[in-house]
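Structure file protein02.tsv with TSV, C-alpha atoms and all ligand atoms:
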chain	number	residue	atom	x	y	z
A	1163	MET	CA	0.00	0.00	0.00
A	1164	ALA	CA	2.80	2.37	0.94
A	1165	ILE	CA	4.63	1.60	-2.32
A	1166	HIS	CA	1.51	2.29	-4.33
A	1167	THR	CA	1.13	5.70	-2.67
A	1168	VAL	CA	4.71	6.67	-3.55
A	1169	LYS	CA	4.21	5.68	-7.19
A	1170	VAL	CA	1.24	7.98	-7.51
A	1171	ALA	CA	2.66	10.89	-5.52
A	1172	CYS	CA	6.00	11.14	-7.31
A	1173	PRO	CA	4.93	12.11	-10.85
A	1174	LEU	CA	2.38	14.54	-9.44
A	1175	PHE	CA	5.08	16.21	-7.35
A	1176	LEU	CA	7.42	16.49	-10.34
A	1177	TYR	CA	4.69	17.97	-12.47
A	1178	MET	CA	3.88	20.66	-9.93
A	1179	VAL	CA	7.48	21.78	-9.31
A	1180	SER	CA	8.58	22.70	-12.82
A	1181	LYS	CA	12.25	23.24	-13.47
A	1182	THR	CA	14.41	26.04	-14.73
A	1183	ALA	CA	15.10	25.42	-18.42
A	1184	LEU	CA	18.36	25.70	-20.32
A	1185	LEU	CA	17.96	26.05	-24.07
A	1186	TYR	CA	20.87	25.15	-26.34
A	1187	SER	CA	21.77	23.56	-29.65
A	1188	GLU	CA	25.10	22.61	-31.22
A	1189	ARG	CA	23.77	24.22	-34.38
A	1190	TYR	CA	24.57	27.60	-32.78
A	1191	LEU	CA	28.22	26.77	-33.47
A	1192	GLU	CA	27.54	26.90	-37.24
A	1193	HIS	CA	27.39	30.71	-37.25
A	1194	ASP	CA	31.06	31.06	-38.18
A	1195	THR	CA	32.52	34.48	-37.36
A	1196	GLY	CA	36.15	33.47	-37.82
A	1197	ARG	CA	38.76	32.35	-35.31
A	1198	ASP	CA	39.78	35.75	-34.01
A	1199	HIS	CA	36.32	37.26	-33.61
A	1200	PRO	CA	35.33	37.86	-29.97
A	1201	GLU	CA	31.77	36.58	-30.61
A	1202	ARG	CA	32.88	33.06	-31.54
A	1203	SER	CA	31.22	29.69	-31.20
A	1204	GLU	CA	33.40	28.62	-28.26
A	1205	ARG	CA	31.42	31.01	-26.08
A	1206	VAL	CA	28.18	29.02	-25.99
A	1207	LYS	CA	29.95	25.67	-26.25
A	1208	SER	CA	32.10	26.46	-23.21
A	1209	ILE	CA	29.14	27.59	-21.13
A	1210	TYR	CA	27.13	24.49	-22.04
A	1211	GLU	CA	30.02	22.11	-21.29
A	1212	PHE	CA	30.73	23.88	-18.00
A	1213	LEU	CA	27.10	23.60	-16.92
A	1214	LYS	CA	26.97	19.98	-18.04
A	1215	GLN	CA	29.79	19.14	-15.61
A	1216	SER	CA	28.18	21.14	-12.79
A	1217	ASP	CA	25.89	20.13	-9.96
A	1218	LEU	CA	23.07	22.19	-11.50
A	1219	PHE	CA	22.71	20.16	-14.68
A	1220	GLU	CA	20.63	17.23	-13.40
A	1221	ASN	CA	17.99	19.64	-12.13
A	1222	LEU	CA	17.68	21.61	-15.37
A	1223	LEU	CA	15.12	21.03	-18.08
A	1224	ILE	CA	17.18	20.90	-21.30
A	1225	LEU	CA	15.34	22.31	-24.31
A	1226	GLU	CA	16.15	22.16	-28.03
A	1227	PRO	CA	15.23	25.22	-30.10
A	1228	LYS	CA	12.70	25.33	-32.90
A	1229	PRO	CA	13.54	27.84	-35.65
A	1230	ALA	CA	11.51	31.04	-35.77
A	1231	THR	CA	9.17	31.45	-38.71
A	1232	PHE	CA	9.60	34.27	-41.20
A	1233	GLU	CA	6.47	35.83	-39.70
A	1234	ASP	CA	7.99	35.72	-36.20
A	1235	ILE	CA	11.00	37.71	-37.40
A	1236	THR	CA	8.71	40.27	-39.08
A	1237	LEU	CA	7.29	41.11	-35.64
A	1238	VAL	CA	10.36	43.38	-35.45
A	1239	HIS	CA	12.27	43.43	-38.76
A	1240	THR	CA	11.11	44.44	-42.23
A	1241	ARG	CA	10.78	41.81	-44.97
A	1242	SER	CA	13.33	43.59	-47.10
A	1243	TYR	CA	15.89	43.53	-44.27
A	1244	ILE	CA	15.34	39.81	-43.63
A	1245	ASP	CA	15.78	39.11	-47.35
A	1246	ARG	CA	18.94	41.18	-47.37
A	1247	VAL	CA	20.43	39.06	-44.54
A	1248	LYS	CA	19.49	35.90	-46.45
A	1249	ARG	CA	21.09	37.06	-49.69
A	1250	ALA	CA	24.32	38.17	-48.01
A	1251	CYS	CA	24.71	34.76	-46.33
A	1252	GLU	CA	23.89	32.87	-49.53
A	1253	GLN	CA	26.39	34.92	-51.49
A	1254	GLY	CA	29.15	34.11	-49.01
A	1255	GLU	CA	29.67	37.67	-47.74
A	1256	ARG	CA	31.95	37.81	-44.67
A	1257	PHE	CA	30.47	40.95	-43.06
A	1258	PHE	CA	27.01	42.45	-43.03
A	1259	ASP	CA	26.08	46.15	-42.61
A	1260	SER	CA	28.99	46.84	-40.25
A	1261	PRO	CA	32.59	45.62	-40.20
A	1262	ASP	CA	32.12	43.97	-36.77
A	1263	THR	CA	29.11	41.86	-37.77
A	1264	ALA	CA	30.70	38.78	-39.31
A	1265	ILE	CA	28.54	36.26	-41.17
A	1266	SER	CA	28.94	32.90	-42.87
A	1267	PRO	CA	26.74	30.85	-45.25
A	1268	LYS	CA	24.86	29.27	-42.31
A	1269	SER	CA	24.35	32.50	-40.33
A	1270	TYR	CA	20.86	33.22	-41.70
A	1271	GLU	CA	19.57	29.81	-40.61
A	1272	VAL	CA	21.33	29.96	-37.25
A	1273	ALA	CA	19.95	33.45	-36.58
A	1274	PHE	CA	16.44	32.07	-37.15
A	1275	LEU	CA	17.29	29.32	-34.68
A	1276	ALA	CA	18.55	31.87	-32.13
A	1277	ALA	CA	15.36	33.93	-32.28
A	1278	GLY	CA	13.32	30.71	-32.41
A	1279	GLY	CA	15.16	29.35	-29.39
A	1280	VAL	CA	14.05	32.30	-27.32
A	1281	LEU	CA	10.47	31.77	-28.53
A	1282	THR	CA	10.70	28.05	-27.65
A	1283	LEU	CA	11.65	29.10	-24.13
A	1284	VAL	CA	8.86	31.68	-23.98
A	1285	ASP	CA	6.39	28.93	-24.90
A	1286	ALA	CA	7.80	26.64	-22.19
A	1287	VAL	CA	7.41	29.32	-19.53
A	1288	MET	CA	3.96	30.43	-20.69
A	1289	THR	CA	2.66	26.85	-20.72
A	1290	GLU	CA	4.32	26.17	-17.35
A	1291	LYS	CA	6.59	23.44	-18.64
A	1292	ALA	CA	9.42	25.49	-17.18
A	1293	ARG	CA	9.30	27.95	-14.29
A	1294	ASN	CA	11.89	30.21	-15.97
A	1295	GLY	CA	14.90	29.73	-18.21
A	1296	PHE	CA	18.10	30.77	-19.92
A	1297	ALA	CA	18.53	30.70	-23.69
A	1298	LEU	CA	22.14	29.99	-24.62
A	1299	VAL	CA	21.88	31.37	-28.15
A	1300	ARG	CA	23.99	33.15	-30.76
A	1301	PRO	CA	24.19	35.39	-32.71
A	1302	PRO	CA	23.20	37.87	-29.99
A	1303	GLY	CA	20.51	40.47	-30.66
A	1304	HIS	CA	20.27	43.70	-28.70
A	1305	HIS	CA	22.23	45.93	-31.13
A	1306	ALA	CA	20.16	44.83	-34.15
A	1307	GLU	CA	17.92	47.62	-35.40
A	1308	ARG	CA	14.71	47.05	-37.35
A	1309	GLU	CA	16.58	47.42	-40.65
A	1310	MET	CA	20.25	47.24	-39.76
A	1311	ALA	CA	22.68	44.73	-38.31
A	1312	LEU	CA	25.16	46.04	-35.77
A	1313	GLY	CA	27.56	44.89	-33.06
A	1314	PHE	CA	27.61	41.13	-33.85
A	1315	CYS	CA	23.74	41.09	-33.99
A	1316	LEU	CA	21.51	40.14	-36.95
A	1317	PHE	CA	17.99	39.77	-35.51
A	1318	ASN	CA	16.91	41.27	-32.20
A	1319	ASN	CA	16.06	38.06	-30.32
A	1320	VAL	CA	14.73	39.74	-27.18
A	1321	ALA	CA	12.62	42.31	-29.06
A	1322	ILE	CA	11.07	39.54	-31.19
A	1323	ALA	CA	10.29	37.59	-28.01
A	1324	ALA	CA	8.61	40.63	-26.40
A	1325	LYS	CA	6.34	41.10	-29.43
A	1326	TYR	CA	5.68	37.36	-29.64
A	1327	VAL	CA	4.60	36.95	-26.01
A	1328	GLN	CA	2.29	39.95	-26.37
A	1329	LYS	CA	0.70	38.62	-29.56
A	1330	LYS	CA	0.46	34.92	-28.81
A	1331	TYR	CA	-0.40	35.04	-25.10
A	1332	ARG	CA	-2.07	38.46	-24.88
A	1333	ILE	CA	0.47	39.70	-22.39
A	1334	GLU	CA	0.18	43.46	-22.01
A	1335	ARG	CA	3.25	44.65	-20.14
A	1336	VAL	CA	6.76	43.34	-20.80
A	1337	LEU	CA	9.85	44.45	-18.92
A	1338	ILE	CA	13.25	44.09	-20.60
A	1339	VAL	CA	16.26	44.25	-18.27
A	1340	ASP	CA	19.51	44.67	-20.20
A	1341	TRP	CA	22.61	44.27	-18.02
A	1342	ASP	CA	25.00	43.70	-20.91
A	1343	LEU	CA	28.11	45.93	-20.82
A	1344	HIS	CA	26.79	47.78	-23.88
A	1345	HIS	CA	23.63	49.77	-24.43
A	1346	GLY	CA	20.97	47.88	-26.39
A	1347	ASN	CA	20.39	50.55	-29.00
A	1348	GLY	CA	18.27	48.25	-31.16
A	1349	THR	CA	15.90	47.21	-28.41
A	1350	GLN	CA	15.52	50.81	-27.20
A	1351	HIS	CA	14.71	52.12	-30.67
A	1352	ILE	CA	12.24	49.33	-31.46
A	1353	PHE	CA	10.18	50.09	-28.34
A	1354	GLU	CA	10.86	53.78	-27.70
A	1355	ASP	CA	7.30	54.87	-28.58
A	1356	ASP	CA	5.62	51.75	-27.15
A	1357	PRO	CA	4.12	52.17	-23.66
A	1358	THR	CA	3.64	48.40	-23.24
A	1359	VAL	CA	7.35	47.52	-23.18
A	1360	PHE	CA	9.60	48.96	-20.47
A	1361	TYR	CA	13.28	48.95	-21.44
A	1362	PHE	CA	15.93	49.26	-18.70
A	1363	SER	CA	19.65	49.27	-19.39
A	1364	THR	CA	22.84	49.62	-17.37
A	1365	HIS	CA	25.91	50.12	-19.55
A	1366	GLN	CA	29.41	51.56	-19.73
A	1367	TYR	CA	29.11	55.15	-20.98
A	1368	PRO	CA	30.37	56.85	-23.01
A	1369	PHE	CA	31.15	53.72	-24.96
A	1370	TYR	CA	30.03	51.62	-27.94
A	1371	PRO	CA	27.45	52.02	-29.52
A	1372	GLY	CA	27.19	55.63	-28.30
A	1373	THR	CA	23.51	55.64	-27.33
A	1374	GLY	CA	22.00	55.28	-23.85
A	1375	SER	CA	22.25	58.63	-22.09
A	1376	GLU	CA	19.87	59.18	-19.18
A	1377	HIS	CA	18.03	61.77	-21.31
A	1378	GLU	CA	16.80	59.05	-23.69
A	1379	ILE	CA	13.53	58.21	-21.92
A	1380	GLY	CA	11.30	57.12	-24.80
A	1381	ARG	CA	9.03	59.29	-26.90
A	1382	GLY	CA	5.36	59.86	-27.67
A	1383	LYS	CA	3.24	57.33	-25.81
A	1384	GLY	CA	6.42	55.51	-24.79
A	1385	LYS	CA	7.81	58.49	-22.88
A	1386	GLY	CA	8.99	57.27	-19.48
A	1387	ARG	CA	9.19	53.64	-20.58
A	1388	THR	CA	12.91	53.78	-21.41
A	1389	LEU	CA	15.24	53.93	-18.43
A	1390	ASN	CA	18.96	54.24	-19.06
A	1391	VAL	CA	21.57	54.15	-16.33
A	1392	PRO	CA	24.87	55.03	-18.02
A	1393	LEU	CA	27.84	54.14	-15.81
A	1394	ARG	CA	31.47	55.28	-15.92
A	1395	ALA	CA	34.25	52.86	-16.77
A	1396	GLY	CA	35.42	51.20	-13.57
A	1397	SER	CA	31.94	50.86	-12.04
A	1398	GLY	CA	31.28	47.74	-9.99
A	1399	ASP	CA	28.84	46.26	-7.51
A	1400	LYS	CA	28.17	49.50	-5.65
A	1401	GLU	CA	27.06	51.44	-8.74
A	1402	TYR	CA	25.16	48.54	-10.28
A	1403	GLN	CA	23.36	47.70	-7.04
A	1404	TYR	CA	22.27	51.31	-6.70
A	1405	ALA	CA	20.96	51.24	-10.28
A	1406	PHE	CA	18.98	48.06	-9.73
A	1407	GLN	CA	17.65	48.81	-6.25
A	1408	GLU	CA	17.10	52.54	-6.28
A	1409	ILE	CA	16.43	53.33	-9.95
A	1410	LEU	CA	15.00	50.24	-11.63
A	1411	SER	CA	13.02	48.72	-8.75
A	1412	PRO	CA	10.52	51.52	-8.00
A	1413	GLN	CA	9.78	52.15	-11.69
A	1414	ALA	CA	9.49	48.46	-12.57
A	1415	LEU	CA	7.15	47.85	-9.63
A	1416	ALA	CA	4.92	50.72	-10.76
A	1417	PHE	CA	4.89	49.25	-14.30
A	1418	LYS	CA	3.72	45.82	-12.99
A	1419	PRO	CA	5.34	43.63	-15.65
A	1420	GLU	CA	3.55	40.43	-16.62
A	1421	PHE	CA	6.59	39.02	-18.38
A	1422	VAL	CA	10.29	39.77	-17.97
A	1423	LEU	CA	13.05	39.31	-20.54
A	1424	ILE	CA	16.69	39.65	-19.59
A	1425	SER	CA	19.30	40.73	-22.13
A	1426	CYS	CA	21.95	38.79	-20.28
A	1427	GLY	CA	25.44	39.84	-21.27
A	1428	PHE	CA	28.39	38.91	-19.11
A	1429	ASP	CA	30.76	41.50	-20.60
A	1430	ALA	CA	30.59	43.91	-17.65
A	1431	HIS	CA	32.60	41.27	-15.75
A	1432	GLU	CA	36.00	42.46	-14.47
A	1433	ASP	CA	37.78	39.81	-16.60
A	1434	ASP	CA	36.08	40.73	-19.87
A	1435	PRO	CA	38.46	41.87	-22.63
A	1436	LEU	CA	36.02	44.36	-24.25
A	1437	GLY	CA	34.85	46.36	-21.24
A	1438	GLN	CA	36.29	48.25	-18.29
A	1439	MET	CA	33.70	47.35	-15.66
A	1440	ASN	CA	34.32	45.51	-12.40
A	1441	LEU	CA	31.53	43.03	-11.82
A	1442	LYS	CA	32.28	39.67	-10.19
A	1443	ASP	CA	30.70	36.27	-10.83
A	1444	GLU	CA	28.38	36.79	-7.84
A	1445	SER	CA	27.09	40.12	-9.18
A	1446	TYR	CA	24.95	38.16	-11.64
A	1447	GLY	CA	23.34	36.34	-8.73
A	1448	PHE	CA	22.39	39.66	-7.19
A	1449	PHE	CA	20.88	40.95	-10.46
A	1450	THR	CA	18.95	37.71	-10.89
A	1451	ASP	CA	17.51	37.92	-7.38
A	1452	ILE	CA	16.35	41.51	-7.92
A	1453	VAL	CA	14.73	40.74	-11.27
A	1454	ARG	CA	12.97	37.69	-9.82
A	1455	LYS	CA	11.62	39.85	-7.00
A	1456	LEU	CA	10.33	42.43	-9.49
A	1457	ALA	CA	8.73	39.73	-11.64
A	1458	ARG	CA	7.11	38.12	-8.60
A	1459	GLU	CA	5.68	41.39	-7.35
A	1460	GLY	CA	4.34	42.08	-10.84
A	1461	GLY	CA	2.04	39.10	-10.26
A	1462	GLN	CA	3.37	36.13	-12.20
A	1463	GLU	CA	7.04	35.28	-12.03
A	1464	ARG	CA	7.70	34.69	-15.71
A	1465	ILE	CA	11.32	35.24	-16.71
A	1466	VAL	CA	13.21	34.35	-19.87
A	1467	SER	CA	16.89	35.26	-19.91
A	1468	VAL	CA	18.79	35.47	-23.18
A	1469	LEU	CA	22.54	35.48	-23.74
A	1470	GLU	CA	23.93	38.65	-25.32
A	1471	GLY	CA	27.68	39.47	-24.92
A	1472	GLY	CA	30.51	38.24	-22.71
A	1473	TYR	CA	33.91	37.36	-24.16
A	1474	ASN	CA	36.19	35.89	-21.48
A	1475	LEU	CA	35.47	32.18	-21.78
A	1476	GLU	CA	36.14	31.38	-18.13
A	1477	ALA	CA	34.26	34.37	-16.71
A	1478	ILE	CA	31.16	33.71	-18.82
A	1479	CYS	CA	31.04	30.07	-17.69
A	1480	ARG	CA	31.23	30.99	-14.01
A	1481	SER	CA	28.81	33.90	-14.41
A	1482	ALA	CA	26.27	31.77	-16.28
A	1483	TYR	CA	26.51	29.19	-13.50
A	1484	VAL	CA	25.73	31.82	-10.84
A	1485	HIS	CA	22.90	33.29	-12.93
A	1486	LEU	CA	21.26	29.89	-13.42
A	1487	LYS	CA	21.75	28.91	-9.80
A	1488	HIS	CA	19.86	32.03	-8.76
A	1489	LEU	CA	17.10	31.33	-11.30
A	1490	MET	CA	16.74	27.86	-9.74
A	1491	ILE	CA	16.60	28.83	-6.03
A	1501	ZN	ZN	27.87	43.64	-24.93
Would you mind writing the structure in this file as structure tokens?
Ligand SMILES: [Zn+2]
Amino acid sequence: MAIHTVKVACPLFLYMVSKTALLYSERYLEHDTGRDHPERSERVKSIYEFLKQSDLFENLLILEPKPATFEDITLVHTRSYIDRVKRACEQGERFFDSPDTAISPKSYEVAFLAAGGVLTLVDAVMTEKARNGFALVRPPGHHAEREMALGFCLFNNVAIAAKYVQKKYRIERVLIVDWDLHHGNGTQHIFEDDPTVFYFSTHQYPFYPGTGSEHEIGRGKGKGRTLNVPLRAGSGDKEYQYAFQEILSPQALAFKPEFVLISCGFDAHEDDPLGQMNLKDESYGFFTDIVRKLAREGGQERIVSVLEGGYNLEAICRSAYVHLKHLMI
């Protein structure tokens, strides 16, 4: 009798306590940017292998991405832009729109799989298969404008996901938290006149790509829904914690987000070769805790985190570990 009870109780228990998801595919390695490019395939491969060896792995729900449809990508980008990306990849171009955005013949397909991976994770969270999750995708997205590639980014994965969750699940208010070293110019511009998407960014400033001053606050109906916290080179936990606790928190709580997307770059880490910021591995645990608290107080704790930058292979592995651990607590 006792054995029978255990058999019934176990699956029910597992069903009710859904896991944190990790989304990844080896196909992300097929976007070939060349051996010396900072945004290279070893980034996601290293993070995945590191997590696979870690104590977290057995408690993660591992998800495989489905590619985005053409229609999904048009939620943000114009048809002519998407066709332009396709043609450049087919014709074997090495760079697209800017000299830092390297492409290869497979990049178009892989970029669809990156955006689609984020949407796969959104579906898992919205249908409660996963409680939250991290999409280990590339190419990254937050510099991509509606009609222009920039800063290693082809399609704006997070912006597409925000539009998708609003359309498919009738979510009204989406918060995007962008803690990448760089300002997410693309994401800001896509939503700057949209009152339903709140964009928050901390970033080294002045720095690439040049946007993100505190005076950029959105426009028209979106005025007040863009919140930039530009930080001087050399900033660390003290400055970032102030930005998250004192600047983001009150405004995000007033916004009452129903869904939260994180543009999760690890390039503000002290070991990163591209930036001059001083974050530690544990800083990403602090950010994760704050964002979870904001999401929870918004009503439903729905969070999808998406890899953006981060270029020191060891630092990004350790930081991703801490981030996931704090998503799982
Ligand atoms: Zn970055």
Practice item. Find the residues near Gln1403 (chain A): any atom within 9 Å, counting only C-alpha atoms, skip ones fewer than 3 places away on the same chain, and give them as a list in words. Key: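 Once the nearby chain positions are removed, what remains is Gly1398, Asp1399, Lys1400, Phe1406, Gln1407, Glu1408, Ser1445, Phe1448 and Phe1449 of chain A.
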Please save C-alpha atoms of the selected residues as a PDB file, keeping the file's coordinate frame.
ATOM      1  CA  GLY A1398      31.280  47.740  -9.990  1.00  0.00           C
ATOM      2  CA  ASP A1399      28.840  46.260  -7.510  1.00  0.00           C
ATOM      3  CA  LYS A1400      28.170  49.500  -5.650  1.00  0.00           C
ATOM      4  CA  PHE A1406      18.980  48.060  -9.730  1.00  0.00           C
ATOM      5  CA  GLN A1407      17.650  48.810  -6.250  1.00  0.00           C
ATOM      6  CA  GLU A1408      17.100  52.540  -6.280  1.00  0.00           C
ATOM      7  CA  SER A1445      27.090  40.120  -9.180  1.00  0.00           C
ATOM      8  CA  PHE A1448      22.390  39.660  -7.190  1.00  0.00           C
ATOM      9  CA  PHE A1449      20.880  40.950 -10.460  1.00  0.00           C
TER      10      PHE A1449
END
Practice item. Could you tell me which of A:His1351, A:His1365, A:Arg1464, A:Lys1207 comes closest to ligand ZN 1501 (chain A) if we count all atoms listed in the file? Key: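 Closest residue, counting all atoms listed in the file: A:His1365.
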**Study point:** Close residues, Ala1477 (chain A) itself excluded, 8 Å, all atoms listed in the file, min 2 positions apart in chain, as a PyMOL selection string
**Key:** chain A and resi 1428+1431+1433-1434+1443+1474-1475+1479-1481
Practice item. To one decimal in Å, tell me the separation between CA of Leu1316 (chain A) and CA of Lys1268 (chain A). Key: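 Taking CA of Leu1316 (chain A) as the start and CA of Lys1268 (chain A) as the end point, the length is 12.6 Å.
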Counting only C-alpha atoms and all ligand atoms, which residues of chain A fall within 6 Å of ligand ZN 1501 (chain A), and what is the closest atom pair for each with its distance in Å at one decimal, ordered by chain and rising number, as CSV?
residue,atom,partner,partner_atom,distance
A:Asp1342,CA,A:ZN1501,ZN,4.9
A:Leu1343,CA,A:ZN1501,ZN,4.7
A:His1344,CA,A:ZN1501,ZN,4.4
A:Gly1427,CA,A:ZN1501,ZN,5.8
A:Asp1429,CA,A:ZN1501,ZN,5.6
A:Gly1471,CA,A:ZN1501,ZN,4.2
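For the atom pair formed by CA of Val1206 (chain A) and CA of Ser1187 (chain A), the distance is 9.2 Å, given to one decimal.
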Review point. From the list A:Ser1180, A:Leu1441, A:His1485, A:Leu1337, which residue is nearest Gln1413 (chain A) when using all atoms listed in the file?
Key: A:Leu1337
Point to revise | Residue list as a list in words for point (25.9, 47.3, -28.7), cut-off 8 Å, all atoms listed in the file | key: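 The residues near that point, listed by chain and number, are His1304, His1305, Leu1312, Gly1313, His1344, His1345, Gly1346, Asn1347, Tyr1370 and Pro1371 of chain A.
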Would you place a box with edges along x, y and z of the file around all atoms of region 1461-1472 of chain A listed there, add 3 Å to each of its six sides, and report the centre and edge lengths in Å to one decimal, as JSON?
{"center_x": 16.3, "center_y": 36.9, "center_z": -17.8, "size_x": 34.5, "size_y": 11.1, "size_z": 21.1}
Practice item. Provide the CA of Asp1356 (chain A) to CA of Gly1384 (chain A) distance in Å, to one decimal place. Key: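 So the two atoms, CA of Asp1356 (chain A) and CA of Gly1384 (chain A), lie 4.5 Å apart.
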Point to revise | Residue among A:Arg1335, A:Lys1487, A:Arg1387, A:Arg1308 lying closest to Phe1421 (chain A), counting all atoms listed in the file | key: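 Closest to Phe1421 (chain A) of all the choices is A:Arg1335.
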Check your understanding: Of the candidates A:Ala1311, A:Ala1395, A:Ala1430, A:Val1466, which one gets nearest to Ala1323 (chain A) if we count only C-alpha atoms?
Key ->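 Closest to Ala1323 (chain A) of all the choices is A:Val1466.
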Review point. Do you know which residues are at most 12 Å from His1199 (chain A) counting all atoms listed in the file, after dropping those on the same chain fewer than 2 positions away, and could you put them as a ChimeraX atom specification?
Key: /A:1193-1197,1201-1205,1256-1257,1261-1265,1313-1314,1436,1473
